[in-house]
Protein chains: 2
Amino acid sequence: MSSDRTRSAILAAAEKLYADRGFGDVTLRDIVAEANVNLAAVNYHFGSKDELIAELFVTRSLATNRERLNELKVAEEKGGGRAPIDAILHALVGPTLRGCLGPDREGSTAARFMIRASIESVPPIRRIKNREVDHLRKFIAAMRRAMPDSDDADLYWGLHFALAMSHHTIREKERLIRLSEGKCDLNDVDAIVDRVVAVSVLALTGGEAPAKKPPVRSAMPQGRLTRQDL
Amino acid sequence: MSSDRTRSAILAAAEKLYADRGFGDVTLRDIVAEANVNLAAVNYHFGSKDELIAELFVTRSLATNRERLNELKVAEEKGGGRAPIDAILHALVGPTLRGCLGPDREGSTAARFMIRASIESVPPIRRIKNREVDHLRKFIAAMRRAMPDSDDADLYWGLHFALAMSHHTIREKERLIRLSEGKCDLNDVDAIVDRVVAVSVLALTGGEAPAKKPPVRSAMPQGRLTRQDL
DNA sequence: TTGCAATTCAAACAGTTGTATGAAACTATC
DNA sequence: GATAGTTTCATACAACTGTTTGAATTGCAA
């Protein structure tokens with residue numbers, strides 16, 4: 001099968017160009033030029049441009065999801081079936097952040113592609129992302145085991161915020177660097193992961209030590225949000 | 001000037017169509033059809049398609065920025081020049097969340113347009129967003145006054161996370177509803193604002209009561225997450 | 001009314017896009 | 001080495017894009 005060479009040349013070229021210049025202004029003709037293959041090869045091997053993009057994204061995000069679930073499994077086994085909340089969140093945001101940030105990963109085409117996919121929202125990718133709900137439910141389940149006394153809504157908000165911080169850090173990396181004039185170190189990925197996890201845990205526990213039971217008073221808002229809302 | 005009628009018809013039609021169907025598949029021909037004006041009118045009044053989009057976005061985000069700064073000013077005056085940290089964050093995320101969420105705003109074209117602008121990242125809008133740094137610096141300054149002992153980096157991270165949570169809530173509103181099967185109430189905007197502010201304050205204070213003096217250390221962990229970091 | 005500028009209009013332009021076609025080149029099996 | 005199936009290729013297609021043009025129309029001032 002010498003056709004595999006063409007197929008993967010297209011995939012590699014597409015990933016590189018999309019990573020560099022975004023989905024908006026990379027055409028099939030750009031891709032086949034970079035890959036040194038014929039224009040028709042894309043439709044022959046992938047069916048359409050959208051299916052090419054989908055294949056790129058599916059491959060990368062399946063890898064991330066596997067990494068997440070692996071890390072979660074390890075943490076749960078270590079805890080005898082019940083992983084601590086910080087380990088769960090670490091498994092959730094670690095792989096994504098590690099994959100997209102960091103100095104060594106800077107040159108990684110895959111990483112830059114995933115950043116693009118997170119910044120620009122193109123139809124084939126959006127369709128795939130919408131099916132990610134099942135994957136997230138597994139983390140909600142683990143969180144529920146770790147914090148059985150929490151309201152479900154609080155767990156969802158906690159997971160939502162954890163993803164918010166990690167994705168927004170990837171999306172707005174450049175702006176954060178510029179805004180902070182370099183004072184925020186975007187190269188120390190482990191520190192970023194720890195920071196996101198720490199804040200997420202605070203969001204879930206309301207500032208209490210997670211082992212401890214419930215409420216006290218607040219670092220919390222005066223308004224309508226009460227202790228047990230967190 | 002009967003030309004104002006054409007101009008604003010274009011603006012209204014464009015905002016509506018972009019809000020409904022996204023920037024990707026709305027053409028100038030769609031817009032002029034909806035506005036009942038001639039195709040050439042867009043270039044005559046705005047110069048180009050991108051400038052039309054830019055004008056739409058600038059108008060809306062200037063309004064948001066004004067609201068933010070107003071709220072900040074009020075809070076600072078009330079505090080004699082130094083607003084408490086939660087009030088500052090409230091001023092930062094409140095206007096955006098209020099503008100884009102909530103049941104009454106559901107039908108608002110402007111709100112839906114701004115959500116689109118936050119989901120799809122189109123060049124003219126990205127260019128404008130990049131100039132928003134100066135605006136954010138005013139909030140950093142206020143935060144520094146409120147928490148003079150904090151590391152600068154921690155302030156930047158805190159602001160970054162606050163924006164992360166509010167923007168991600170707007171972007172992924174539908175997914176959060178679906179994931180949580182309705183358990184997260186996206187209609188109670190005030191509660192959402194309070195929740196985002198509360199978590200942001202926790203992120204900045206590391207779980208200490210904000211009134212209290214100094215943050216243990218850099219509030220956030222360096223290495224792995226340990227118990228006393230919470 | 002006349003004259004001048006601002007606005008509208010239909011039409012065309014120039015370029016690009018993803019996709020389809022059918023013949024040619026290749027590959028492996030017998 | 002002929003055959004059947006796969007893969008490549010040059011080329012054409014059809015549609016759509018934002019923008020421009022130059023003539024018509026309108027509105028307003030003198």
# chains A, B, ... in the order shown; residues from 1 in each chain; ligands from 1
$ closest_atom_pairs --of "chain D" --to "chain B" --cutoff "9 Å" --atoms "only C-alpha atoms (C1' of nucleotides)" --output "tab-separated table"
residue	atom	partner	partner_atom	distance
D:DT17	C1'	B:Thr27	CA	8.0
D:DG18	C1'	B:Lys49	CA	7.5
D:DT19	C1'	B:Asn43	CA	7.6
D:DT20	C1'	B:Ala40	CA	8.8
D:DG27	C1'	B:Met1	CA	8.4
$ write_last_selection --atoms "N, CA and C atoms (P, O5', C5', C4', C3', O3' and C1' of nucleotides)" --output "PDB file, in the first residue's frame"
ATOM      1  P    DT D  17     -21.810  32.943  -0.916  1.00  0.00           P
ATOM      2  O5'  DT D  17     -20.541  33.866  -0.772  1.00  0.00           O
ATOM      3  C5'  DT D  17     -19.290  33.267  -0.399  1.00  0.00           C
ATOM      4  C4'  DT D  17     -18.155  34.176  -0.776  1.00  0.00           C
ATOM      5  C3'  DT D  17     -18.443  35.663  -0.651  1.00  0.00           C
ATOM      6  O3'  DT D  17     -18.263  36.054   0.693  1.00  0.00           O
ATOM      7  C1'  DT D  17     -17.216  35.167  -2.649  1.00  0.00           C
ATOM      8  P    DG D  18     -18.871  37.438   1.228  1.00  0.00           P
ATOM      9  O5'  DG D  18     -17.811  38.509   0.687  1.00  0.00           O
ATOM     10  C5'  DG D  18     -16.470  38.433   1.138  1.00  0.00           C
ATOM     11  C4'  DG D  18     -15.615  39.431   0.378  1.00  0.00           C
ATOM     12  C3'  DG D  18     -15.989  40.895   0.600  1.00  0.00           C
ATOM     13  O3'  DG D  18     -14.789  41.675   0.643  1.00  0.00           O
ATOM     14  C1'  DG D  18     -16.227  40.354  -1.705  1.00  0.00           C
ATOM     15  P    DT D  19     -14.867  43.254   0.837  1.00  0.00           P
ATOM     16  O5'  DT D  19     -14.799  43.773  -0.669  1.00  0.00           O
ATOM     17  C5'  DT D  19     -13.716  43.329  -1.501  1.00  0.00           C
ATOM     18  C4'  DT D  19     -13.860  43.911  -2.890  1.00  0.00           C
ATOM     19  C3'  DT D  19     -14.160  45.420  -2.923  1.00  0.00           C
ATOM     20  O3'  DT D  19     -13.090  46.070  -3.600  1.00  0.00           O
ATOM     21  C1'  DT D  19     -15.546  44.200  -4.430  1.00  0.00           C
ATOM     22  P    DT D  20     -13.067  47.646  -3.774  1.00  0.00           P
ATOM     23  O5'  DT D  20     -13.586  47.827  -5.264  1.00  0.00           O
ATOM     24  C5'  DT D  20     -13.047  47.001  -6.297  1.00  0.00           C
ATOM     25  C4'  DT D  20     -13.721  47.332  -7.626  1.00  0.00           C
ATOM     26  C3'  DT D  20     -13.935  48.827  -7.901  1.00  0.00           C
ATOM     27  O3'  DT D  20     -13.317  49.117  -9.143  1.00  0.00           O
ATOM     28  C1'  DT D  20     -15.933  47.601  -8.269  1.00  0.00           C
ATOM     29  P    DG D  27     -35.755  61.488  -1.842  1.00  0.00           P
ATOM     30  O5'  DG D  27     -34.698  62.579  -1.349  1.00  0.00           O
ATOM     31  C5'  DG D  27     -33.522  62.150  -0.686  1.00  0.00           C
ATOM     32  C4'  DG D  27     -32.639  63.351  -0.378  1.00  0.00           C
ATOM     33  C3'  DG D  27     -33.393  64.570   0.172  1.00  0.00           C
ATOM     34  O3'  DG D  27     -32.665  65.074   1.284  1.00  0.00           O
ATOM     35  C1'  DG D  27     -32.119  65.185  -1.749  1.00  0.00           C
TER      36       DG D  27
END
$ calpha_fit_rmsd --fixed "chain A" --moving "chain B"
2.2 Å
$ interface_residues --of "chain C" --to "chain B" --cutoff "8 Å" --atoms "only C-alpha atoms (C1' of nucleotides)" --output "PDB file with all heavy atoms, in the first residue's frame"
ATOM      1  P    DT C   7     -24.496  60.193   1.850  1.00  0.00           P
ATOM      2  OP1  DT C   7     -25.187  60.220   3.159  1.00  0.00           O
ATOM      3  OP2  DT C   7     -23.073  59.836   1.748  1.00  0.00           O
ATOM      4  O5'  DT C   7     -25.324  59.212   0.896  1.00  0.00           O
ATOM      5  C5'  DT C   7     -26.730  59.313   0.888  1.00  0.00           C
ATOM      6  C4'  DT C   7     -27.282  58.505  -0.271  1.00  0.00           C
ATOM      7  O4'  DT C   7     -26.599  58.826  -1.482  1.00  0.00           O
ATOM      8  C3'  DT C   7     -27.165  56.996  -0.149  1.00  0.00           C
ATOM      9  O3'  DT C   7     -28.453  56.503   0.196  1.00  0.00           O
ATOM     10  C2'  DT C   7     -26.692  56.521  -1.518  1.00  0.00           C
ATOM     11  C1'  DT C   7     -26.870  57.773  -2.371  1.00  0.00           C
ATOM     12  N1   DT C   7     -25.955  57.924  -3.544  1.00  0.00           N
ATOM     13  C2   DT C   7     -26.456  57.692  -4.797  1.00  0.00           C
ATOM     14  O2   DT C   7     -27.602  57.341  -5.007  1.00  0.00           O
ATOM     15  N3   DT C   7     -25.556  57.886  -5.821  1.00  0.00           N
ATOM     16  C4   DT C   7     -24.226  58.288  -5.699  1.00  0.00           C
ATOM     17  O4   DT C   7     -23.515  58.434  -6.688  1.00  0.00           O
ATOM     18  C5   DT C   7     -23.774  58.508  -4.358  1.00  0.00           C
ATOM     19  C7   DT C   7     -22.368  58.946  -4.111  1.00  0.00           C
ATOM     20  C6   DT C   7     -24.643  58.324  -3.343  1.00  0.00           C
ATOM     21  P    DT C   8     -28.653  54.982   0.406  1.00  0.00           P
ATOM     22  OP1  DT C   8     -29.875  54.790   1.214  1.00  0.00           O
ATOM     23  OP2  DT C   8     -27.381  54.380   0.817  1.00  0.00           O
ATOM     24  O5'  DT C   8     -28.950  54.524  -1.088  1.00  0.00           O
ATOM     25  C5'  DT C   8     -30.260  54.643  -1.605  1.00  0.00           C
ATOM     26  C4'  DT C   8     -30.264  54.166  -3.033  1.00  0.00           C
ATOM     27  O4'  DT C   8     -29.088  54.653  -3.700  1.00  0.00           O
ATOM     28  C3'  DT C   8     -30.243  52.647  -3.193  1.00  0.00           C
ATOM     29  O3'  DT C   8     -31.464  52.244  -3.775  1.00  0.00           O
ATOM     30  C2'  DT C   8     -29.024  52.378  -4.088  1.00  0.00           C
ATOM     31  C1'  DT C   8     -28.786  53.743  -4.727  1.00  0.00           C
ATOM     32  N1   DT C   8     -27.378  54.018  -5.175  1.00  0.00           N
ATOM     33  C2   DT C   8     -27.116  54.149  -6.512  1.00  0.00           C
ATOM     34  O2   DT C   8     -27.956  54.024  -7.373  1.00  0.00           O
ATOM     35  N3   DT C   8     -25.801  54.420  -6.819  1.00  0.00           N
ATOM     36  C4   DT C   8     -24.755  54.586  -5.923  1.00  0.00           C
ATOM     37  O4   DT C   8     -23.627  54.835  -6.319  1.00  0.00           O
ATOM     38  C5   DT C   8     -25.111  54.449  -4.537  1.00  0.00           C
ATOM     39  C7   DT C   8     -24.059  54.608  -3.480  1.00  0.00           C
ATOM     40  C6   DT C   8     -26.392  54.173  -4.222  1.00  0.00           C
ATOM     41  P    DC C   9     -31.895  50.744  -3.684  1.00  0.00           P
ATOM     42  OP1  DC C   9     -33.365  50.654  -3.679  1.00  0.00           O
ATOM     43  OP2  DC C   9     -31.139  50.113  -2.596  1.00  0.00           O
ATOM     44  O5'  DC C   9     -31.370  50.207  -5.083  1.00  0.00           O
ATOM     45  C5'  DC C   9     -31.854  50.824  -6.278  1.00  0.00           C
ATOM     46  C4'  DC C   9     -30.989  50.453  -7.448  1.00  0.00           C
ATOM     47  O4'  DC C   9     -29.713  51.069  -7.326  1.00  0.00           O
ATOM     48  C3'  DC C   9     -30.690  48.966  -7.557  1.00  0.00           C
ATOM     49  O3'  DC C   9     -31.613  48.388  -8.471  1.00  0.00           O
ATOM     50  C2'  DC C   9     -29.245  48.911  -8.091  1.00  0.00           C
ATOM     51  C1'  DC C   9     -28.823  50.371  -8.172  1.00  0.00           C
ATOM     52  N1   DC C   9     -27.452  50.651  -7.687  1.00  0.00           N
ATOM     53  C2   DC C   9     -26.467  51.008  -8.594  1.00  0.00           C
ATOM     54  O2   DC C   9     -26.742  51.065  -9.788  1.00  0.00           O
ATOM     55  N3   DC C   9     -25.209  51.270  -8.145  1.00  0.00           N
ATOM     56  C4   DC C   9     -24.952  51.203  -6.845  1.00  0.00           C
ATOM     57  N4   DC C   9     -23.712  51.481  -6.435  1.00  0.00           N
ATOM     58  C5   DC C   9     -25.954  50.854  -5.885  1.00  0.00           C
ATOM     59  C6   DC C   9     -27.174  50.588  -6.346  1.00  0.00           C
TER      60       DC C   9
END
$ closest_residue --among "B:Val32, B:Val122, B:Ala12, B:Val42" --to "chain A" --atoms "only C-alpha atoms"
B:Val122
$ residues_around --residues "A:Lys16" --least-positions-apart "2" --cutoff "8 Å" --atoms "only C-alpha atoms (C1' of nucleotides)" --output "list in words"
Ala12, Ala13, Ala14, Tyr18, Ala19, Asp20, Thr109, Ala110 and Phe113 of chain A
$ select_by_dssp --residues "stretch 10-226 of chain A" --states "helix (DSSP H, G or I)" --output "count of residues only"
156
$ residues_around --residues "C:DG22" --least-positions-apart "5" --cutoff "12 Å" --atoms "only C-alpha atoms (C1' of nucleotides)" --output "PDB file with all heavy atoms, in the first residue's frame"
ATOM      1  P    DC D   9       0.836  12.147  -8.365  1.00  0.00           P
ATOM      2  OP1  DC D   9       2.288  12.201  -8.605  1.00  0.00           O
ATOM      3  OP2  DC D   9       0.263  12.683  -7.115  1.00  0.00           O
ATOM      4  O5'  DC D   9       0.112  12.836  -9.600  1.00  0.00           O
ATOM      5  C5'  DC D   9       0.381  12.325 -10.916  1.00  0.00           C
ATOM      6  C4'  DC D   9      -0.670  12.810 -11.882  1.00  0.00           C
ATOM      7  O4'  DC D   9      -1.918  12.175 -11.592  1.00  0.00           O
ATOM      8  C3'  DC D   9      -0.973  14.299 -11.802  1.00  0.00           C
ATOM      9  O3'  DC D   9      -0.188  14.956 -12.781  1.00  0.00           O
ATOM     10  C2'  DC D   9      -2.471  14.393 -12.100  1.00  0.00           C
ATOM     11  C1'  DC D   9      -2.923  12.937 -12.211  1.00  0.00           C
ATOM     12  N1   DC D   9      -4.207  12.622 -11.533  1.00  0.00           N
ATOM     13  C2   DC D   9      -5.342  12.365 -12.283  1.00  0.00           C
ATOM     14  O2   DC D   9      -5.268  12.427 -13.512  1.00  0.00           O
ATOM     15  N3   DC D   9      -6.508  12.069 -11.655  1.00  0.00           N
ATOM     16  C4   DC D   9      -6.550  12.014 -10.325  1.00  0.00           C
ATOM     17  N4   DC D   9      -7.712  11.702  -9.746  1.00  0.00           N
ATOM     18  C5   DC D   9      -5.390  12.265  -9.524  1.00  0.00           C
ATOM     19  C6   DC D   9      -4.258  12.567 -10.165  1.00  0.00           C
ATOM     20  P    DA D  10       0.120  16.500 -12.660  1.00  0.00           P
ATOM     21  OP1  DA D  10       1.516  16.759 -13.067  1.00  0.00           O
ATOM     22  OP2  DA D  10      -0.365  16.995 -11.371  1.00  0.00           O
ATOM     23  O5'  DA D  10      -0.841  16.999 -13.823  1.00  0.00           O
ATOM     24  C5'  DA D  10      -0.878  16.260 -15.024  1.00  0.00           C
ATOM     25  C4'  DA D  10      -2.086  16.634 -15.860  1.00  0.00           C
ATOM     26  O4'  DA D  10      -3.279  16.052 -15.272  1.00  0.00           O
ATOM     27  C3'  DA D  10      -2.341  18.134 -15.986  1.00  0.00           C
ATOM     28  O3'  DA D  10      -2.674  18.397 -17.341  1.00  0.00           O
ATOM     29  C2'  DA D  10      -3.508  18.385 -15.017  1.00  0.00           C
ATOM     30  C1'  DA D  10      -4.265  17.062 -15.100  1.00  0.00           C
ATOM     31  N9   DA D  10      -4.991  16.689 -13.884  1.00  0.00           N
ATOM     32  C8   DA D  10      -4.549  16.804 -12.596  1.00  0.00           C
ATOM     33  N7   DA D  10      -5.402  16.370 -11.705  1.00  0.00           N
ATOM     34  C5   DA D  10      -6.487  15.943 -12.442  1.00  0.00           C
ATOM     35  C6   DA D  10      -7.723  15.375 -12.084  1.00  0.00           C
ATOM     36  N6   DA D  10      -8.071  15.124 -10.823  1.00  0.00           N
ATOM     37  N1   DA D  10      -8.576  15.050 -13.082  1.00  0.00           N
ATOM     38  C2   DA D  10      -8.211  15.292 -14.345  1.00  0.00           C
ATOM     39  N3   DA D  10      -7.074  15.827 -14.808  1.00  0.00           N
ATOM     40  C4   DA D  10      -6.249  16.130 -13.799  1.00  0.00           C
ATOM     41  P    DT D  11      -2.945  19.876 -17.815  1.00  0.00           P
ATOM     42  OP1  DT D  11      -2.615  19.946 -19.258  1.00  0.00           O
ATOM     43  OP2  DT D  11      -2.313  20.784 -16.854  1.00  0.00           O
ATOM     44  O5'  DT D  11      -4.523  19.985 -17.676  1.00  0.00           O
ATOM     45  C5'  DT D  11      -5.344  18.963 -18.239  1.00  0.00           C
ATOM     46  C4'  DT D  11      -6.773  19.127 -17.775  1.00  0.00           C
ATOM     47  O4'  DT D  11      -6.930  18.697 -16.403  1.00  0.00           O
ATOM     48  C3'  DT D  11      -7.318  20.566 -17.817  1.00  0.00           C
ATOM     49  O3'  DT D  11      -8.307  20.631 -18.821  1.00  0.00           O
ATOM     50  C2'  DT D  11      -7.888  20.777 -16.413  1.00  0.00           C
ATOM     51  C1'  DT D  11      -8.061  19.355 -15.910  1.00  0.00           C
ATOM     52  N1   DT D  11      -8.124  19.184 -14.429  1.00  0.00           N
ATOM     53  C2   DT D  11      -9.221  18.569 -13.874  1.00  0.00           C
ATOM     54  O2   DT D  11     -10.158  18.162 -14.533  1.00  0.00           O
ATOM     55  N3   DT D  11      -9.187  18.449 -12.502  1.00  0.00           N
ATOM     56  C4   DT D  11      -8.169  18.878 -11.659  1.00  0.00           C
ATOM     57  O4   DT D  11      -8.246  18.711 -10.461  1.00  0.00           O
ATOM     58  C5   DT D  11      -7.046  19.517 -12.303  1.00  0.00           C
ATOM     59  C7   DT D  11      -5.919  20.024 -11.500  1.00  0.00           C
ATOM     60  C6   DT D  11      -7.079  19.643 -13.651  1.00  0.00           C
ATOM     61  P    DA D  12      -8.924  22.002 -19.290  1.00  0.00           P
ATOM     62  OP1  DA D  12      -8.945  22.000 -20.753  1.00  0.00           O
ATOM     63  OP2  DA D  12      -8.276  23.094 -18.542  1.00  0.00           O
ATOM     64  O5'  DA D  12     -10.417  21.852 -18.776  1.00  0.00           O
ATOM     65  C5'  DA D  12     -11.075  20.609 -18.979  1.00  0.00           C
ATOM     66  C4'  DA D  12     -12.256  20.491 -18.040  1.00  0.00           C
ATOM     67  O4'  DA D  12     -11.798  20.283 -16.682  1.00  0.00           O
ATOM     68  C3'  DA D  12     -13.128  21.751 -18.020  1.00  0.00           C
ATOM     69  O3'  DA D  12     -14.463  21.359 -18.265  1.00  0.00           O
ATOM     70  C2'  DA D  12     -12.924  22.325 -16.616  1.00  0.00           C
ATOM     71  C1'  DA D  12     -12.558  21.077 -15.806  1.00  0.00           C
ATOM     72  N9   DA D  12     -11.750  21.334 -14.613  1.00  0.00           N
ATOM     73  C8   DA D  12     -10.525  21.952 -14.564  1.00  0.00           C
ATOM     74  N7   DA D  12     -10.026  22.040 -13.350  1.00  0.00           N
ATOM     75  C5   DA D  12     -10.982  21.427 -12.546  1.00  0.00           C
ATOM     76  C6   DA D  12     -11.043  21.198 -11.161  1.00  0.00           C
ATOM     77  N6   DA D  12     -10.088  21.563 -10.314  1.00  0.00           N
ATOM     78  N1   DA D  12     -12.139  20.556 -10.690  1.00  0.00           N
ATOM     79  C2   DA D  12     -13.094  20.199 -11.557  1.00  0.00           C
ATOM     80  N3   DA D  12     -13.140  20.374 -12.875  1.00  0.00           N
ATOM     81  C4   DA D  12     -12.049  20.994 -13.312  1.00  0.00           C
TER      82       DA D  12
END
$ residues_around --residues "B:His90" --least-positions-apart "4" --cutoff "9 Å" --atoms "only C-alpha atoms (C1' of nucleotides)" --output "list of chain:residue names"
B:Arg68, B:Glu71, B:Leu72, B:Ile85, B:Asp86, B:Gly94, B:Pro95, B:Val193, B:Asp194, B:Val196, B:Val197
$ write_last_selection --atoms "all heavy atoms" --output "short mmCIF file (atom, residue, chain, number, x, y, z; two decimals), in the first residue's frame"
data_model
loop_
_atom_site.label_atom_id
_atom_site.label_comp_id
_atom_site.auth_asym_id
_atom_site.auth_seq_id
_atom_site.Cartn_x
_atom_site.Cartn_y
_atom_site.Cartn_z
N ARG B 68 -18.39 48.20 32.70
CA ARG B 68 -17.39 47.71 33.64
C ARG B 68 -16.73 48.84 34.42
O ARG B 68 -16.65 48.83 35.65
CB ARG B 68 -16.29 46.95 32.89
CG ARG B 68 -16.63 45.55 32.47
CD ARG B 68 -15.47 45.00 31.66
NE ARG B 68 -15.56 43.57 31.41
CZ ARG B 68 -14.74 42.90 30.60
NH1 ARG B 68 -13.78 43.55 29.96
NH2 ARG B 68 -14.89 41.61 30.42
N GLU B 71 -18.99 50.54 36.91
CA GLU B 71 -19.20 49.76 38.13
C GLU B 71 -17.95 49.80 39.02
O GLU B 71 -18.04 49.89 40.24
CB GLU B 71 -19.56 48.32 37.76
CG GLU B 71 -20.36 47.61 38.84
CD GLU B 71 -20.79 46.20 38.39
OE1 GLU B 71 -21.28 46.05 37.25
OE2 GLU B 71 -20.62 45.26 39.17
N LEU B 72 -16.81 49.77 38.36
CA LEU B 72 -15.56 49.84 39.12
C LEU B 72 -15.44 51.19 39.83
O LEU B 72 -15.06 51.25 41.01
CB LEU B 72 -14.36 49.63 38.18
CG LEU B 72 -12.97 49.75 38.81
CD1 LEU B 72 -12.77 48.69 39.88
CD2 LEU B 72 -11.88 49.65 37.75
N ILE B 85 -11.80 43.54 46.75
CA ILE B 85 -11.46 42.70 45.60
C ILE B 85 -12.70 42.09 44.95
O ILE B 85 -12.79 41.99 43.71
CB ILE B 85 -10.45 41.60 46.00
CG1 ILE B 85 -9.97 40.82 44.77
CG2 ILE B 85 -11.04 40.67 47.04
CD1 ILE B 85 -9.18 41.64 43.79
N ASP B 86 -13.68 41.68 45.76
CA ASP B 86 -14.84 41.04 45.16
C ASP B 86 -15.66 42.03 44.34
O ASP B 86 -16.24 41.68 43.32
CB ASP B 86 -15.69 40.34 46.23
CG ASP B 86 -16.19 41.32 47.27
OD1 ASP B 86 -15.51 42.34 47.49
OD2 ASP B 86 -17.26 41.07 47.87
N GLY B 94 -19.36 40.99 35.72
CA GLY B 94 -20.81 41.21 35.76
C GLY B 94 -21.40 41.65 34.43
O GLY B 94 -22.32 41.01 33.92
N PRO B 95 -20.90 42.74 33.86
CA PRO B 95 -21.50 43.24 32.62
C PRO B 95 -21.51 42.21 31.48
O PRO B 95 -22.52 42.06 30.80
CB PRO B 95 -20.62 44.44 32.27
CG PRO B 95 -20.13 44.92 33.58
CD PRO B 95 -19.92 43.69 34.41
N VAL B 193 -22.89 35.15 38.41
CA VAL B 193 -21.90 36.20 38.65
C VAL B 193 -21.29 36.02 40.04
O VAL B 193 -20.06 36.04 40.20
CB VAL B 193 -22.53 37.60 38.52
CG1 VAL B 193 -21.53 38.67 38.95
CG2 VAL B 193 -23.00 37.85 37.10
N ASP B 194 -22.14 35.81 41.02
CA ASP B 194 -21.64 35.64 42.39
C ASP B 194 -20.71 34.43 42.49
O ASP B 194 -19.69 34.46 43.18
CB ASP B 194 -22.81 35.47 43.36
CG ASP B 194 -23.54 36.79 43.58
OD1 ASP B 194 -22.94 37.84 43.30
OD2 ASP B 194 -24.70 36.77 44.02
N VAL B 196 -18.91 33.04 40.07
CA VAL B 196 -17.64 33.31 39.39
C VAL B 196 -16.77 34.23 40.26
O VAL B 196 -15.57 33.99 40.43
CB VAL B 196 -17.88 33.94 38.00
CG1 VAL B 196 -16.57 34.47 37.42
CG2 VAL B 196 -18.51 32.93 37.06
N VAL B 197 -17.39 35.26 40.82
CA VAL B 197 -16.63 36.18 41.67
C VAL B 197 -16.08 35.45 42.88
O VAL B 197 -14.90 35.61 43.24
CB VAL B 197 -17.52 37.36 42.11
CG1 VAL B 197 -16.84 38.17 43.20
CG2 VAL B 197 -17.84 38.25 40.92
#
$ residues_around --residues "D:DA15" --least-positions-apart "6" --cutoff "12 Å" --atoms "only C-alpha atoms (C1' of nucleotides)" --output "number ranges by chain"
C: 16-19
